[in-house]
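Structure file protein_22.cif (mmCIF, C-alpha atoms and all ligand atoms; chains and numbers go by the auth columns) is printed below.
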```
data_protein
#
loop_
_atom_site.group_PDB
_atom_site.id
_atom_site.type_symbol
_atom_site.label_atom_id
_atom_site.label_comp_id
_atom_site.label_asym_id
_atom_site.label_seq_id
_atom_site.Cartn_x
_atom_site.Cartn_y
_atom_site.Cartn_z
_atom_site.B_iso_or_equiv
_atom_site.auth_seq_id
_atom_site.auth_asym_id
ATOM 1 C CA MET A 1 29.571 0.205 -24.969 0.00 1 A
ATOM 2 C CA ALA A 2 28.510 3.837 -25.088 0.00 2 A
ATOM 3 C CA ILE A 3 29.576 7.206 -23.780 0.00 3 A
ATOM 4 C CA ILE A 4 27.360 7.812 -20.747 0.00 4 A
ATOM 5 C CA ARG A 5 26.972 11.170 -19.031 0.00 5 A
ATOM 6 C CA LEU A 6 26.116 11.101 -15.330 0.00 6 A
ATOM 7 C CA ASN A 7 25.556 13.845 -12.788 0.00 7 A
ATOM 8 C CA VAL A 8 26.802 12.569 -9.434 0.00 8 A
ATOM 9 C CA ASN A 9 26.838 14.857 -6.390 0.00 9 A
ATOM 10 C CA GLY A 10 26.671 17.849 -8.731 0.00 10 A
ATOM 11 C CA ILE A 11 29.663 16.766 -10.821 0.00 11 A
ATOM 12 C CA VAL A 12 29.186 15.674 -14.434 0.00 12 A
ATOM 13 C CA HIS A 13 31.112 12.550 -15.507 0.00 13 A
ATOM 14 C CA GLU A 14 31.361 11.340 -19.090 0.00 14 A
ATOM 15 C CA LYS A 15 32.750 7.821 -19.492 0.00 15 A
ATOM 16 C CA GLU A 16 32.563 4.868 -21.820 0.00 16 A
ATOM 17 C CA MET A 17 30.624 1.983 -20.307 0.00 17 A
ATOM 18 C CA ASP A 18 27.989 -0.670 -20.880 0.00 18 A
ATOM 19 C CA PRO A 19 24.621 1.121 -20.507 0.00 19 A
ATOM 20 C CA HIS A 20 23.166 -2.056 -18.990 0.00 20 A
ATOM 21 C CA MET A 21 25.705 -2.135 -16.170 0.00 21 A
ATOM 22 C CA PRO A 22 24.171 -1.737 -12.669 0.00 22 A
ATOM 23 C CA LEU A 23 24.543 1.818 -11.352 0.00 23 A
ATOM 24 C CA LEU A 24 26.385 0.435 -8.293 0.00 24 A
ATOM 25 C CA TRP A 25 29.140 -1.017 -10.477 0.00 25 A
ATOM 26 C CA VAL A 26 29.583 2.318 -12.221 0.00 26 A
ATOM 27 C CA LEU A 27 29.719 4.302 -8.984 0.00 27 A
ATOM 28 C CA ARG A 28 32.256 2.021 -7.338 0.00 28 A
ATOM 29 C CA ASP A 29 34.390 0.655 -10.176 0.00 29 A
ATOM 30 C CA ILE A 30 34.301 3.395 -12.797 0.00 30 A
ATOM 31 C CA LEU A 31 33.864 6.566 -10.716 0.00 31 A
ATOM 32 C CA GLY A 32 35.704 5.335 -7.604 0.00 32 A
ATOM 33 C CA LEU A 33 32.877 6.285 -5.240 0.00 33 A
ATOM 34 C CA THR A 34 33.294 3.312 -2.915 0.00 34 A
ATOM 35 C CA GLY A 35 31.214 4.731 -0.051 0.00 35 A
ATOM 36 C CA THR A 36 28.213 2.963 -1.578 0.00 36 A
ATOM 37 C CA LYS A 37 28.429 -0.706 -0.627 0.00 37 A
ATOM 38 C CA PHE A 38 27.664 -4.014 -2.295 0.00 38 A
ATOM 39 C CA GLY A 39 25.663 -6.293 -0.012 0.00 39 A
ATOM 40 C CA CYS A 40 23.300 -8.773 -1.628 0.00 40 A
ATOM 41 C CA GLY A 41 23.224 -7.578 -5.245 0.00 41 A
ATOM 42 C CA ILE A 42 19.524 -8.436 -5.530 0.00 42 A
ATOM 43 C CA ALA A 43 17.733 -5.389 -4.024 0.00 43 A
ATOM 44 C CA GLN A 44 17.191 -7.093 -0.655 0.00 44 A
ATOM 45 C CA CYS A 45 19.551 -5.431 1.864 0.00 45 A
ATOM 46 C CA GLY A 46 19.766 -1.693 1.077 0.00 46 A
ATOM 47 C CA ALA A 47 23.562 -1.427 1.434 0.00 47 A
ATOM 48 C CA CYS A 48 23.788 0.073 -2.064 0.00 48 A
ATOM 49 C CA THR A 49 21.117 2.760 -1.587 0.00 49 A
ATOM 50 C CA VAL A 50 21.673 6.086 -3.357 0.00 50 A
ATOM 51 C CA LEU A 51 19.301 8.854 -4.397 0.00 51 A
ATOM 52 C CA VAL A 52 18.187 9.344 -7.985 0.00 52 A
ATOM 53 C CA ASP A 53 16.249 12.575 -8.416 0.00 53 A
ATOM 54 C CA GLY A 54 15.829 12.660 -4.636 0.00 54 A
ATOM 55 C CA LYS A 55 14.388 9.166 -4.293 0.00 55 A
ATOM 56 C CA ALA A 56 16.172 6.278 -2.585 0.00 56 A
ATOM 57 C CA VAL A 57 16.963 3.475 -5.044 0.00 57 A
ATOM 58 C CA ARG A 58 18.884 0.208 -4.839 0.00 58 A
ATOM 59 C CA SER A 59 21.794 0.944 -7.134 0.00 59 A
ATOM 60 C CA CYS A 60 22.659 -2.768 -7.518 0.00 60 A
ATOM 61 C CA SER A 61 19.394 -3.319 -9.303 0.00 61 A
ATOM 62 C CA ILE A 62 18.984 -0.418 -11.720 0.00 62 A
ATOM 63 C CA ARG A 63 20.814 -0.045 -14.997 0.00 63 A
ATOM 64 C CA VAL A 64 23.057 2.965 -15.346 0.00 64 A
ATOM 65 C CA GLN A 65 21.180 4.078 -18.460 0.00 65 A
ATOM 66 C CA SER A 66 18.096 4.726 -16.309 0.00 66 A
ATOM 67 C CA ALA A 67 20.055 7.327 -14.292 0.00 67 A
ATOM 68 C CA VAL A 68 21.184 9.390 -17.298 0.00 68 A
ATOM 69 C CA ASP A 69 19.958 13.029 -17.126 0.00 69 A
ATOM 70 C CA LYS A 70 19.030 12.599 -13.453 0.00 70 A
ATOM 71 C CA ASP A 71 20.615 13.864 -10.244 0.00 71 A
ATOM 72 C CA ILE A 72 22.447 11.054 -8.490 0.00 72 A
ATOM 73 C CA GLU A 73 23.439 11.572 -4.852 0.00 73 A
ATOM 74 C CA THR A 74 25.789 9.289 -2.934 0.00 74 A
ATOM 75 C CA ILE A 75 27.169 9.317 0.594 0.00 75 A
ATOM 76 C CA GLU A 76 30.227 11.228 -0.644 0.00 76 A
ATOM 77 C CA GLY A 77 28.033 14.258 -1.433 0.00 77 A
ATOM 78 C CA VAL A 78 26.040 14.453 1.805 0.00 78 A
ATOM 79 C CA GLU A 79 28.456 16.737 3.625 0.00 79 A
ATOM 80 C CA ALA A 80 27.803 19.505 1.091 0.00 80 A
ATOM 81 C CA THR A 81 24.010 19.379 1.585 0.00 81 A
ATOM 82 C CA PRO A 82 21.618 20.437 4.367 0.00 82 A
ATOM 83 C CA PHE A 83 21.454 16.734 5.275 0.00 83 A
ATOM 84 C CA ARG A 84 24.900 16.935 6.838 0.00 84 A
ATOM 85 C CA SER A 85 22.902 17.475 10.073 0.00 85 A
ATOM 86 C CA LEU A 86 21.643 13.918 9.691 0.00 86 A
ATOM 87 C CA GLN A 87 25.187 12.675 9.137 0.00 87 A
ATOM 88 C CA GLN A 88 26.215 14.556 12.281 0.00 88 A
ATOM 89 C CA ALA A 89 23.337 12.948 14.218 0.00 89 A
ATOM 90 C CA TRP A 90 24.691 9.554 13.096 0.00 90 A
ATOM 91 C CA ILE A 91 28.009 10.524 14.688 0.00 91 A
ATOM 92 C CA ASP A 92 26.437 12.037 17.825 0.00 92 A
ATOM 93 C CA GLU A 93 24.309 8.942 18.438 0.00 93 A
ATOM 94 C CA GLN A 94 27.263 6.668 17.597 0.00 94 A
ATOM 95 C CA VAL A 95 25.063 4.735 15.188 0.00 95 A
ATOM 96 C CA PRO A 96 27.622 2.689 13.216 0.00 96 A
ATOM 97 C CA GLN A 97 29.179 -0.475 14.540 0.00 97 A
ATOM 98 C CA CYS A 98 30.988 -2.242 11.687 0.00 98 A
ATOM 99 C CA GLY A 99 29.608 0.534 9.466 0.00 99 A
ATOM 100 C CA TYR A 100 29.056 -1.579 6.375 0.00 100 A
ATOM 101 C CA CYS A 101 25.350 -0.857 5.988 0.00 101 A
ATOM 102 C CA GLN A 102 25.463 2.742 7.152 0.00 102 A
ATOM 103 C CA SER A 103 25.900 4.685 3.922 0.00 103 A
ATOM 104 C CA GLY A 104 22.833 2.881 2.610 0.00 104 A
ATOM 105 C CA GLN A 105 20.977 3.586 5.853 0.00 105 A
ATOM 106 C CA LEU A 106 21.806 7.297 5.669 0.00 106 A
ATOM 107 C CA MET A 107 20.867 7.647 2.010 0.00 107 A
ATOM 108 C CA ASN A 108 17.581 5.831 2.651 0.00 108 A
ATOM 109 C CA ALA A 109 16.881 8.134 5.613 0.00 109 A
ATOM 110 C CA ILE A 110 17.625 11.207 3.499 0.00 110 A
ATOM 111 C CA GLY A 111 15.320 10.055 0.699 0.00 111 A
ATOM 112 C CA PHE A 112 12.623 9.395 3.271 0.00 112 A
ATOM 113 C CA LEU A 113 12.982 12.765 5.043 0.00 113 A
ATOM 114 C CA LYS A 114 12.880 14.578 1.693 0.00 114 A
ATOM 115 C CA SER A 115 9.408 13.129 1.152 0.00 115 A
ATOM 116 C CA ASN A 116 8.280 13.274 4.798 0.00 116 A
ATOM 117 C CA PRO A 117 10.202 15.853 6.863 0.00 117 A
ATOM 118 C CA ASN A 118 8.045 15.445 9.974 0.00 118 A
ATOM 119 C CA PRO A 119 7.447 11.709 10.376 0.00 119 A
ATOM 120 C CA THR A 120 6.085 9.720 13.298 0.00 120 A
ATOM 121 C CA ASP A 121 8.256 7.025 14.880 0.00 121 A
ATOM 122 C CA GLU A 122 6.151 4.388 13.154 0.00 122 A
ATOM 123 C CA GLU A 123 6.706 6.042 9.767 0.00 123 A
ATOM 124 C CA ILE A 124 10.455 6.167 10.410 0.00 124 A
ATOM 125 C CA LEU A 125 10.546 2.480 11.355 0.00 125 A
ATOM 126 C CA ASN A 126 8.477 1.532 8.306 0.00 126 A
ATOM 127 C CA ALA A 127 10.642 3.587 5.966 0.00 127 A
ATOM 128 C CA MET A 128 13.879 2.133 7.337 0.00 128 A
ATOM 129 C CA SER A 129 12.691 -1.453 7.680 0.00 129 A
ATOM 130 C CA GLY A 130 14.073 -2.601 4.322 0.00 130 A
ATOM 131 C CA ASN A 131 17.646 -1.616 5.160 0.00 131 A
ATOM 132 C CA ILE A 132 19.301 -4.531 6.891 0.00 132 A
ATOM 133 C CA CYS A 133 21.949 -4.068 9.604 0.00 133 A
ATOM 134 C CA ARG A 134 23.674 -7.232 10.715 0.00 134 A
ATOM 135 C CA CYS A 135 25.023 -5.356 13.759 0.00 135 A
ATOM 136 C CA GLY A 136 21.516 -4.427 14.923 0.00 136 A
ATOM 137 C CA THR A 137 21.915 -0.657 15.082 0.00 137 A
ATOM 138 C CA TYR A 138 18.199 -0.036 14.470 0.00 138 A
ATOM 139 C CA PRO A 139 17.461 1.681 17.837 0.00 139 A
ATOM 140 C CA ARG A 140 20.340 4.141 17.271 0.00 140 A
ATOM 141 C CA ILE A 141 19.225 4.821 13.715 0.00 141 A
ATOM 142 C CA LEU A 142 15.757 5.654 15.047 0.00 142 A
ATOM 143 C CA LYS A 143 17.263 7.968 17.701 0.00 143 A
ATOM 144 C CA ALA A 144 19.434 9.786 15.153 0.00 144 A
ATOM 145 C CA ILE A 145 16.506 10.399 12.819 0.00 145 A
ATOM 146 C CA GLN A 146 14.270 11.436 15.721 0.00 146 A
ATOM 147 C CA SER A 147 16.854 13.970 16.906 0.00 147 A
ATOM 148 C CA VAL A 148 17.045 15.633 13.495 0.00 148 A
ATOM 149 C CA VAL A 149 13.249 15.684 13.119 0.00 149 A
ATOM 150 C CA GLU A 150 12.919 17.250 16.592 0.00 150 A
ATOM 151 C CA GLN A 151 15.595 19.824 15.808 0.00 151 A
ATOM 152 C CA SER A 152 14.046 20.715 12.463 0.00 152 A
ATOM 153 C CA SER A 153 10.620 21.198 14.020 0.00 153 A
ATOM 154 C CA LYS A 154 12.239 23.756 16.360 0.00 154 A
ATOM 155 C CA ASN A 155 14.141 25.475 13.547 0.00 155 A
ATOM 156 C CA THR A 156 13.169 26.111 9.973 0.00 156 A
ATOM 157 C CA GLY A 157 14.127 22.706 8.583 0.00 157 A
ATOM 158 C CA ILE A 158 17.042 20.357 8.202 0.00 158 A
HETATM 159 S S1 LIG B . 23.412 -4.642 -2.549 0.00 201 B
HETATM 160 FE FE1 LIG B . 21.747 -3.609 -3.391 0.00 201 B
HETATM 161 S S2 LIG B . 20.103 -4.050 -2.073 0.00 201 B
HETATM 162 FE FE2 LIG B . 21.721 -5.306 -1.343 0.00 201 B
HETATM 163 S S1 LIG B . 26.660 -1.320 11.326 0.00 202 B
HETATM 164 FE FE1 LIG B . 27.364 -3.311 10.805 0.00 202 B
HETATM 165 S S2 LIG B . 25.952 -3.970 9.309 0.00 202 B
HETATM 166 FE FE2 LIG B . 25.103 -2.174 10.072 0.00 202 B
#
```
What's the structure tokens form of this structure?
Amino acid sequence: MAIIRLNVNGIVHEKEMDPHMPLLWVLRDILGLTGTKFGCGIAQCGACTVLVDGKAVRSCSIRVQSAVDKDIETIEGVEATPFRSLQQAWIDEQVPQCGYCQSGQLMNAIGFLKSNPNPTDEEILNAMSGNICRCGTYPRILKAIQSVVEQSSKNTGI
């Protein structure tokens, strides 16, 4: 066990934990941030996706010690960022069905748009292809991302 310091959604947490624990366990069970979901536990479904230093990662499969001194972003923090427009597009397009995969979908989309703010449809589909949705919401996810990309090309950015 060790005292680990984590910056999550701009808030610094200092807690005692096993540094080898998966980041997902820490977010959900120690910090109470249950918006990030457990799906497969083996980096195959994307339900647990969060951002670490702006990049989408599978939090079930990285050790918490690798996220120390980095900026961690979870679904709970999105509303306070410019990417709330993407969250709103998810609502406008009525993307979620059961909703279980959707925080991972949104965080993956945000990580992708940070690196490629003006993607083609093919690039969007490629970037999102690793996030599994058992309800089959893929066409709505594409529409929501397209709508934000279109809007941002008209304005100054998302
Ligand atoms: S729970 Fe992490 S990828 Fe499935
Ligand atoms: S909305 Fe049900 S798993 Fe994606």
Legend entry - Selection dump of the PyMOL selection byres (((chain A and resi 53) around 9) and not hetatm), as a list in words: Leu51, Val52, Gly54, Lys55, Ala56, Ala67, Lys70, Asp71, Ile72 and Glu73 of chain A
Inset, instruction - Produce as a ChimeraX atom specification the set of residues near ligand LIG 201 (chain B), where near means within 9 Å with only C-alpha atoms and all ligand atoms considered. - result: /A:24,37-49,57-61,104,130-132
Legend entry - Pick from A:Gly136, A:Pro19, A:Gly10, A:Pro82, whichever lies nearest to Val68 of chain A using all atoms listed in the file: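 Closest to Val68 of chain A of all the choices is A:Pro19.
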Taking only C-alpha atoms and all ligand atoms into account, list the residues no farther than 7 Å from ligand LIG 202 (chain B), as an mmCIF file with C-alpha atoms, in the coordinates of the input.
```
data_model
loop_
_atom_site.group_PDB
_atom_site.id
_atom_site.type_symbol
_atom_site.label_atom_id
_atom_site.label_comp_id
_atom_site.auth_asym_id
_atom_site.auth_seq_id
_atom_site.Cartn_x
_atom_site.Cartn_y
_atom_site.Cartn_z
ATOM 1 C CA PRO A 96 27.622 2.689 13.216
ATOM 2 C CA GLN A 97 29.179 -0.475 14.540
ATOM 3 C CA CYS A 98 30.988 -2.242 11.687
ATOM 4 C CA GLY A 99 29.608 0.534 9.466
ATOM 5 C CA TYR A 100 29.056 -1.579 6.375
ATOM 6 C CA CYS A 101 25.350 -0.857 5.988
ATOM 7 C CA GLN A 102 25.463 2.742 7.152
ATOM 8 C CA CYS A 133 21.949 -4.068 9.604
ATOM 9 C CA ARG A 134 23.674 -7.232 10.715
ATOM 10 C CA CYS A 135 25.023 -5.356 13.759
ATOM 11 C CA GLY A 136 21.516 -4.427 14.923
ATOM 12 C CA THR A 137 21.915 -0.657 15.082
#
```
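Interatomic distance, atom CA of Met21 of chain A against atom CA of Ile75 of chain A: 20.4 Å.
Distance-wise, atom CA of Glu14 of chain A and atom CA of Gly32 of chain A end up 13.7 Å apart.
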Report as an mmCIF file with C-alpha atoms, in the frame of the given file the residues that result from applying the PyMOL selection byres (((chain A and resi 145) around 9) and not hetatm) to the structure here.
```cif
data_model
loop_
_atom_site.group_PDB
_atom_site.id
_atom_site.type_symbol
_atom_site.label_atom_id
_atom_site.label_comp_id
_atom_site.auth_asym_id
_atom_site.auth_seq_id
_atom_site.Cartn_x
_atom_site.Cartn_y
_atom_site.Cartn_z
ATOM 1 C CA LEU A 86 21.643 13.918 9.691
ATOM 2 C CA ALA A 89 23.337 12.948 14.218
ATOM 3 C CA TRP A 90 24.691 9.554 13.096
ATOM 4 C CA ALA A 109 16.881 8.134 5.613
ATOM 5 C CA LEU A 113 12.982 12.765 5.043
ATOM 6 C CA ILE A 124 10.455 6.167 10.410
ATOM 7 C CA ARG A 140 20.340 4.141 17.271
ATOM 8 C CA ILE A 141 19.225 4.821 13.715
ATOM 9 C CA LEU A 142 15.757 5.654 15.047
ATOM 10 C CA LYS A 143 17.263 7.968 17.701
ATOM 11 C CA ALA A 144 19.434 9.786 15.153
ATOM 12 C CA GLN A 146 14.270 11.436 15.721
ATOM 13 C CA SER A 147 16.854 13.970 16.906
ATOM 14 C CA VAL A 148 17.045 15.633 13.495
ATOM 15 C CA VAL A 149 13.249 15.684 13.119
ATOM 16 C CA GLU A 150 12.919 17.250 16.592
#
```
Legend entry - Proximity to Pro22 of chain A - best of A:Val8, A:Val64, A:Val50, A:Ile3, all atoms listed in the file: A:Val64
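Taking all atoms listed in the file into account, Ser103 of chain A lies nearest to A:Gln87 out of the set A:Gln151, A:Gln87, A:Asn9, A:Asn126.
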Inset, instruction - Name the residues, using the chain letters and numbers of the file, that sit within 10 Å of (30.4, 6.4, -20.3) when counting only C-alpha atoms, and give them as a list of chain:residue names. - result: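 Every polymer residue passing the test: A:Met1, A:Ala2, A:Ile3, A:Ile4, A:Arg5, A:Leu6, A:His13, A:Glu14, A:Lys15, A:Glu16, A:Met17, A:Asp18, A:Pro19, A:Val26, A:Ile30, A:Val64, A:Gln65.
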Inset, instruction - Select, from A:Ser85, A:Ser152, A:Thr74, A:Gln105, the residue with the minimum atom-to-atom distance to Pro119 of chain A, counting only C-alpha atoms. - result: A:Ser152
Around all listed atoms of segment 24-28 of chain A, padded 8 Å per side, what centre and edge lengths does the axis-aligned box have in Å to one decimal, as AutoDock Vina command-line options?
```
--center_x 29.3 --center_y 1.6 --center_z -9.8 --size_x 21.9 --size_y 21.3 --size_z 20.9
```
Inset, instruction - May I ask which of the residues A:Asn7, A:Thr81, A:Asn155, A:Ser129 is the closest one to Asn108 of chain A, counting all atoms listed in the file? - result: A:Ser129
Legend entry - Pick from A:Leu27, A:Lys154, A:Tyr138, A:Leu33 nearest to Gln94 of chain A, counting all atoms listed in the file: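 Looking at the shortest contact to Gln94 of chain A, the residue is A:Tyr138.
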